[in-house]
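Colleague: Pasting a structure below so you can have a look.
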Amino acid sequence: MTNTPSTAEVRVPRLIGLMAVDARESAAEHGVLLAAPDRPDFHLVVLDHVVRQYPLPGMWIPRDAVVTVWFELGPGEGEGGAGVREPRRPGPPDGGLRRELDEPGPEVGVGW
(Lines give C-alpha, C1' and ligand atoms only; values in the text may rest on other atoms or scores of the structure.)
Protein backbone atom coordinates (compact mmCIF):
# COMPACT_ATOMS: atom_id res chain seq x y z
CA MET A 1 0.00 0.00 0.00
CA THR A 2 1.43 3.37 -1.00
CA ASN A 3 0.92 6.33 1.31
CA THR A 4 -0.90 9.34 -0.07
CA PRO A 5 1.23 12.42 -0.79
CA SER A 6 -0.84 14.56 1.59
CA THR A 7 0.18 12.73 4.79
CA ALA A 8 2.86 14.26 6.99
CA GLU A 9 3.99 10.86 8.29
CA VAL A 10 4.51 7.65 6.38
CA ARG A 11 4.94 4.04 7.37
CA VAL A 12 8.42 2.59 6.80
CA PRO A 13 8.27 -0.13 4.12
CA ARG A 14 9.90 -3.51 4.60
CA LEU A 15 13.11 -3.33 2.58
CA ILE A 16 14.91 -6.37 4.01
CA GLY A 17 15.36 -9.02 1.34
CA LEU A 18 14.90 -6.63 -1.57
CA MET A 19 17.57 -5.97 -4.16
CA ALA A 20 19.01 -2.45 -4.05
CA VAL A 21 17.15 -1.30 -7.15
CA ASP A 22 13.83 -2.56 -5.72
CA ALA A 23 14.55 -1.02 -2.31
CA ARG A 24 15.12 2.40 -3.90
CA GLU A 25 11.87 2.07 -5.85
CA SER A 26 9.86 0.98 -2.81
CA ALA A 27 11.31 3.79 -0.69
CA ALA A 28 10.35 6.37 -3.33
CA GLU A 29 6.80 4.98 -3.54
CA HIS A 30 6.44 5.24 0.25
CA GLY A 31 7.87 8.75 0.50
CA VAL A 32 11.15 7.99 2.30
CA LEU A 33 14.78 8.48 1.35
CA LEU A 34 17.48 5.80 1.57
CA ALA A 35 21.03 5.91 2.86
CA ALA A 36 23.57 3.09 2.80
CA PRO A 37 26.64 3.77 4.96
CA ASP A 38 28.35 0.58 3.78
CA ARG A 39 27.93 1.47 0.09
CA PRO A 40 29.34 4.86 -0.98
CA ASP A 41 28.27 3.98 -4.54
CA PHE A 42 24.70 3.23 -3.43
CA HIS A 43 23.13 4.88 -6.47
CA LEU A 44 25.00 2.34 -8.69
CA VAL A 45 24.26 -0.78 -6.59
CA VAL A 46 21.68 -3.01 -8.30
CA LEU A 47 21.80 -6.67 -7.27
CA ASP A 48 22.94 -6.58 -3.63
CA HIS A 49 20.24 -7.53 -1.13
CA VAL A 50 19.24 -5.48 1.91
CA VAL A 51 19.97 -7.44 5.09
CA ARG A 52 19.16 -4.79 7.71
CA GLN A 53 17.29 -1.52 7.95
CA TYR A 54 16.58 1.24 10.44
CA PRO A 55 13.96 2.36 11.33
CA LEU A 56 12.21 -0.97 11.37
CA PRO A 57 9.37 -1.76 8.96
CA GLY A 58 5.96 -0.49 10.03
CA MET A 59 7.19 2.46 12.11
CA TRP A 60 5.77 5.91 11.40
CA ILE A 61 8.31 8.55 10.37
CA PRO A 62 8.06 12.02 8.80
CA ARG A 63 7.70 12.05 5.01
CA ASP A 64 11.10 12.38 3.28
CA ALA A 65 12.94 11.07 6.37
CA VAL A 66 15.95 8.83 5.80
CA VAL A 67 15.82 5.05 6.19
CA THR A 68 19.27 3.50 6.55
CA VAL A 69 19.87 0.13 4.88
CA TRP A 70 22.81 -2.28 4.95
CA PHE A 71 23.67 -4.86 2.31
CA GLU A 72 25.11 -8.36 2.24
CA LEU A 73 28.80 -8.61 1.49
CA GLY A 74 29.57 -9.09 -2.17
CA PRO A 75 32.30 -11.30 -3.66
CA GLY A 76 35.72 -10.28 -2.39
CA GLU A 77 34.33 -8.11 0.41
CA GLY A 78 34.81 -8.67 4.10
CA GLU A 79 38.03 -10.64 3.77
CA GLY A 80 40.08 -10.81 6.96
CA GLY A 81 37.22 -10.04 9.33
CA ALA A 82 37.15 -10.74 13.01
CA GLY A 83 36.06 -14.33 12.47
CA VAL A 84 33.38 -16.40 14.10
CA ARG A 85 32.76 -15.45 17.70
CA GLU A 86 29.96 -17.71 18.86
CA PRO A 87 30.87 -20.88 20.74
CA ARG A 88 31.00 -24.04 18.68
CA ARG A 89 28.87 -27.00 19.70
CA PRO A 90 29.39 -29.74 20.60
CA GLY A 91 32.31 -29.09 22.92
CA PRO A 92 35.24 -31.48 23.35
CA PRO A 93 34.41 -34.82 24.94
CA ASP A 94 34.93 -35.34 28.68
CA GLY A 95 38.17 -36.93 29.80
CA GLY A 96 41.72 -36.37 28.65
CA LEU A 97 43.89 -33.50 29.76
CA ARG A 98 42.09 -31.00 31.94
CA ARG A 99 44.81 -28.34 32.01
CA GLU A 100 47.92 -27.37 30.18
CA LEU A 101 51.10 -28.85 31.60
CA ASP A 102 53.90 -26.61 32.87
CA GLU A 103 57.03 -26.14 30.77
CA PRO A 104 59.75 -28.61 31.71
CA GLY A 105 62.41 -27.17 34.01
CA PRO A 106 66.19 -27.57 33.86
CA GLU A 107 65.96 -30.83 35.82
CA VAL A 108 64.42 -32.61 32.81
CA GLY A 109 67.15 -34.08 30.62
CA VAL A 110 67.06 -33.86 26.86
CA GLY A 111 68.58 -37.22 25.91
CA TRP A 112 66.88 -39.78 28.16
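Lettering and numbering for the C-alpha coordinates are positional, with chains as A, B, ... in the shown order, residues counted from 1 in each chain, and ligands counted from 1 in the shown order.
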Taking 2 positions as the minimum chain separation for residues in the same chain, which residues sit within 8 Å of stretch 31-37 of chain A when counting only C-alpha atoms? Answer as a ChimeraX atom specification.
Modeller: /A:3,5,10,12,24,27-29,39-40,42,63-71
Colleague: Name all residues at most 8 Å from stretch 56-59 of chain A (count only C-alpha atoms; drop same-chain ones fewer than 6 positions away) and give them as a VMD selection string.
Modeller: chain A and resid 11 to 15
Colleague: Suppose you want the space between atom CA of A:Val51 and atom CA of A:Leu18; what is it in Å?
Modeller: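 A separation of 8.4 Å between them.
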